[in-house]
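entry-v3.txt follows (compact mmCIF, C-alpha atoms and all ligand atoms):
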```txt
# COMPACT_ATOMS: atom_id res chain seq x y z
CA MET A 1 126.92 172.04 135.91
CA ILE A 2 128.96 175.06 134.88
CA CYS A 3 129.03 173.75 131.30
CA ARG A 4 125.27 174.17 131.17
CA LYS A 5 125.63 177.70 132.50
CA VAL A 6 128.10 178.42 129.70
CA LYS A 7 125.69 177.11 127.07
CA ALA A 8 122.98 179.43 128.35
CA ASN A 9 125.42 182.34 128.09
CA LEU A 10 127.08 181.51 124.77
CA ALA A 11 125.57 184.43 122.87
CA ASN A 12 126.42 186.80 125.67
CA LEU A 13 129.97 185.47 125.80
CA LEU A 14 130.34 186.37 122.15
CA PHE A 15 128.60 189.73 121.99
CA ASP A 16 128.77 191.08 125.54
CA PRO A 17 131.36 189.16 127.59
CA GLU A 18 131.23 191.73 130.41
CA SER A 19 127.65 190.68 131.23
CA VAL A 20 128.71 187.08 131.84
CA PRO A 21 129.74 186.11 135.38
CA ALA A 22 133.51 185.83 135.84
CA ASP A 23 133.39 182.16 136.86
CA VAL A 24 131.65 181.28 133.62
CA ARG A 25 134.23 183.17 131.58
CA GLY A 26 137.00 181.45 133.50
CA HIS A 27 135.44 178.05 132.85
CA VAL A 28 135.29 178.62 129.10
CA ARG A 29 139.04 179.23 129.03
CA GLU A 30 139.73 175.94 130.82
CA CYS A 31 137.02 173.63 129.45
CA ALA A 32 137.77 172.28 125.97
CA ALA A 33 134.12 171.44 125.20
CA CYS A 34 132.85 174.91 126.13
CA SER A 35 135.60 176.82 124.32
CA GLU A 36 135.00 174.68 121.26
CA GLU A 37 131.32 175.47 121.34
CA LEU A 38 132.02 179.17 121.69
CA ALA A 39 134.46 179.06 118.78
CA SER A 40 131.87 177.26 116.66
CA LEU A 41 129.25 179.89 117.37
CA GLU A 42 131.74 182.61 116.56
CA ALA A 43 132.58 180.93 113.25
CA THR A 44 128.87 180.72 112.37
CA MET A 45 128.39 184.39 113.16
CA ASN A 46 131.37 185.34 111.00
CA LEU A 47 129.97 183.29 108.13
CA MET A 48 126.64 185.05 108.44
CA ASP A 49 128.39 188.41 108.34
CA ASP A 50 130.08 187.43 105.08
CA TRP A 51 127.00 185.87 103.56
CA GLN A 52 125.29 187.86 100.88
CA ALA A 53 121.76 187.19 99.66
CA PRO A 54 121.89 185.89 96.07
CA GLU A 55 120.58 188.17 93.36
CA PRO A 56 117.26 187.00 91.86
CA SER A 57 117.54 185.60 88.34
CA THR A 58 117.22 188.06 85.46
CA TYR A 59 113.83 186.65 84.52
CA PHE A 60 112.39 186.83 88.01
CA ASP A 61 110.55 190.11 87.45
CA SER A 62 109.02 189.13 84.12
CA LYS A 63 108.05 185.68 85.39
CA LEU A 64 106.38 187.28 88.40
CA ALA A 65 104.54 189.76 86.16
CA VAL A 66 103.22 186.91 83.98
CA ARG A 67 102.02 184.94 86.96
CA LEU A 68 100.34 188.00 88.44
CA ARG A 69 98.56 188.67 85.17
CA GLU A 70 97.34 185.07 85.05
CA GLU A 71 96.01 185.36 88.58
CA GLN A 72 94.27 188.61 87.73
CA ARG A 73 92.61 187.10 84.67
CA ALA A 74 91.40 184.13 86.69
CA GLU A 75 89.74 186.44 89.21
CA PRO A 76 86.47 187.34 87.37
CA ALA A 77 85.59 183.69 86.68
CA GLY A 78 86.26 182.79 90.31
CA LEU A 79 84.05 185.62 91.53
CA ILE A 80 81.13 184.67 89.31
CA GLU A 81 81.46 180.99 90.16
CA ARG A 82 81.40 181.75 93.86
CA MET A 83 78.42 184.09 93.56
CA ARG A 84 76.49 181.55 91.50
CA ALA A 85 77.16 178.84 94.06
CA ARG A 86 76.00 181.19 96.76
CA VAL A 87 72.78 182.02 94.96
CA LEU A 88 71.96 178.44 93.95
CA PHE A 89 72.87 176.74 97.20
CA GLY A 90 72.33 179.56 99.64
CA SER A 91 69.87 178.84 102.44
CA ASN A 92 67.91 182.05 101.90
CA VAL A 93 65.31 180.88 99.36
CA HIS A 94 63.41 184.15 99.78
CA LEU A 95 66.38 186.04 98.37
CA ARG A 96 66.74 184.05 95.18
CA PRO A 97 64.80 185.96 92.49
CA ILE A 98 66.29 189.34 93.34
CA ALA A 99 69.78 187.88 93.84
CA VAL A 100 69.65 186.19 90.44
CA GLY A 101 68.91 189.58 88.93
CA ALA A 102 71.86 191.08 90.77
CA LEU A 103 74.06 188.22 89.63
CA ALA A 104 73.05 188.77 86.00
CA LEU A 105 73.96 192.43 86.39
CA LEU A 106 77.32 191.49 87.89
CA ILE A 107 78.02 189.09 85.05
CA ILE A 108 77.29 191.86 82.55
CA ILE A 109 79.55 194.33 84.36
CA GLY A 110 82.23 191.76 85.20
CA GLY A 111 82.03 190.10 81.79
CA GLY A 112 82.36 193.47 80.10
CA THR A 113 85.46 194.26 82.10
CA TYR A 114 86.79 190.79 81.46
CA ALA A 115 86.19 191.03 77.70
CA GLY A 116 87.84 194.44 77.71
CA LEU A 117 90.87 192.93 79.37
CA MET A 118 91.08 190.07 76.90
CA SER A 119 90.54 192.13 73.75
CA SER A 120 93.32 194.63 74.37
CA HIS A 121 96.50 192.61 73.99
CA SER A 122 98.79 195.34 75.23
CA VAL A 123 97.17 195.74 78.62
CA ALA A 124 98.33 198.77 80.51
CA PRO A 125 99.32 197.49 84.00
CA ALA A 126 97.57 200.34 85.79
CA LYS A 127 94.35 199.69 83.90
CA THR A 128 94.48 195.97 84.68
CA SER A 129 95.01 196.43 88.36
CA ALA A 130 92.23 199.00 88.54
CA ALA A 131 89.76 196.54 87.03
CA VAL A 132 90.97 193.78 89.31
CA GLU A 133 90.71 196.06 92.32
CA GLU A 134 87.13 196.81 91.35
CA LEU A 135 86.28 193.12 91.10
CA LYS A 136 88.01 192.41 94.38
CA SER A 137 86.01 195.08 96.16
CA LEU A 138 82.86 193.57 94.69
CA ASP A 139 84.01 190.19 95.87
CA ASP A 140 84.69 191.42 99.36
CA ASN A 141 81.39 193.21 99.51
CA ALA A 142 79.25 190.44 100.95
CA GLN A 143 77.04 193.22 102.31
CA VAL A 144 75.38 193.42 98.92
CA PHE A 145 73.54 190.25 99.75
CA GLN A 146 72.51 191.57 103.12
CA GLN A 147 71.21 194.76 101.55
CA LEU A 148 69.29 192.77 98.95
CA SER A 149 67.81 190.70 101.72
CA SER A 150 66.65 193.76 103.65
CA LEU A 151 65.18 195.25 100.46
CA ASP A 152 63.24 192.07 100.00
CA ASN A 153 61.93 192.23 103.55
CA ASP A 154 60.88 195.87 103.16
CA GLN A 155 58.89 194.92 100.11
CA ASP A 156 57.04 192.23 102.08
CA ASP A 157 56.22 194.75 104.82
CA SER A 158 54.69 197.22 102.36
CA ASP A 159 52.72 194.41 100.72
CA SER A 160 51.11 193.39 104.00
CA SER A 161 50.31 197.01 104.99
CA SER A 162 48.58 197.62 101.65
CA ASN A 163 46.54 194.48 102.27
CA ASP A 164 45.43 195.94 105.61
CA LEU A 165 44.05 199.00 103.86
ZN ZN B 201 132.48 173.40 130.03
```
Let's see the structure in the file written out as structure tokens.
Ligand SMILES: [Zn+2]
Amino acid sequence: MICRKVKANLANLLFDPESVPADVRGHVRECAACSEELASLEATMNLMDDWQAPEPSTYFDSKLAVRLREEQRAEPAGLIERMRARVLFGSNVHLRPIAVGALALLIIIGGGTYAGLMSSHSVAPAKTSAAVEELKSLDDNAQVFQQLSSLDNDQDDSDSSSNDL
């Protein structure tokens, strides 16, 4: 029974022995199993104190930079693919003609940025991330579709009112 009490207090026995009840401390001194367990925990803690995180390999930074650049280059294609899928298979049929126009515009803008990225072989990192940030904000901006939808609805309203006159 007291062995279980010791196990619950092992960390305290190591770091703050005063907080552990005296009978528990006394038991650890007499019980081989408990003192062994305490010694084992102490050894582990000492090892962790000595342990030093290994240095990353010399090529880590450049490898990371290459992978980031690849991800950034993949971004425009992914965006356009997703938008196309949304336009073609979206449930809002009403929205399609105007959304296709918007998509074409996005492809021109995005494609231009993309071509600019590809043509300049020595890409300045700041420039790259700025373009990618721009595309990401476009990607995140699902509101564009909502705004297009409301524009479309407004147009319908004005059409019907002109018919009334
Ligand atoms: Zn014990």
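Closest to Asn9 in chain A among A:Ala43, A:Met48, A:Cys31, A:Leu38 is A:Leu38, based on only C-alpha atoms.
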Please check which protein, DNA or RNA residues sit within 12 Å of ligand ZN 201 (chain B), counting all atoms listed in the file, and write them as a PyMOL selection string. chain A and resi 1-10+23-38
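For the pair CA of Arg82 in chain A and CA of Leu151 in chain A, the separation is 22.1 Å.
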Would you mind telling me which residue in A:Ala102, A:Met83, A:Ala65, A:Leu14 lies nearest to Leu41 in chain A when using only C-alpha atoms? A:Leu14
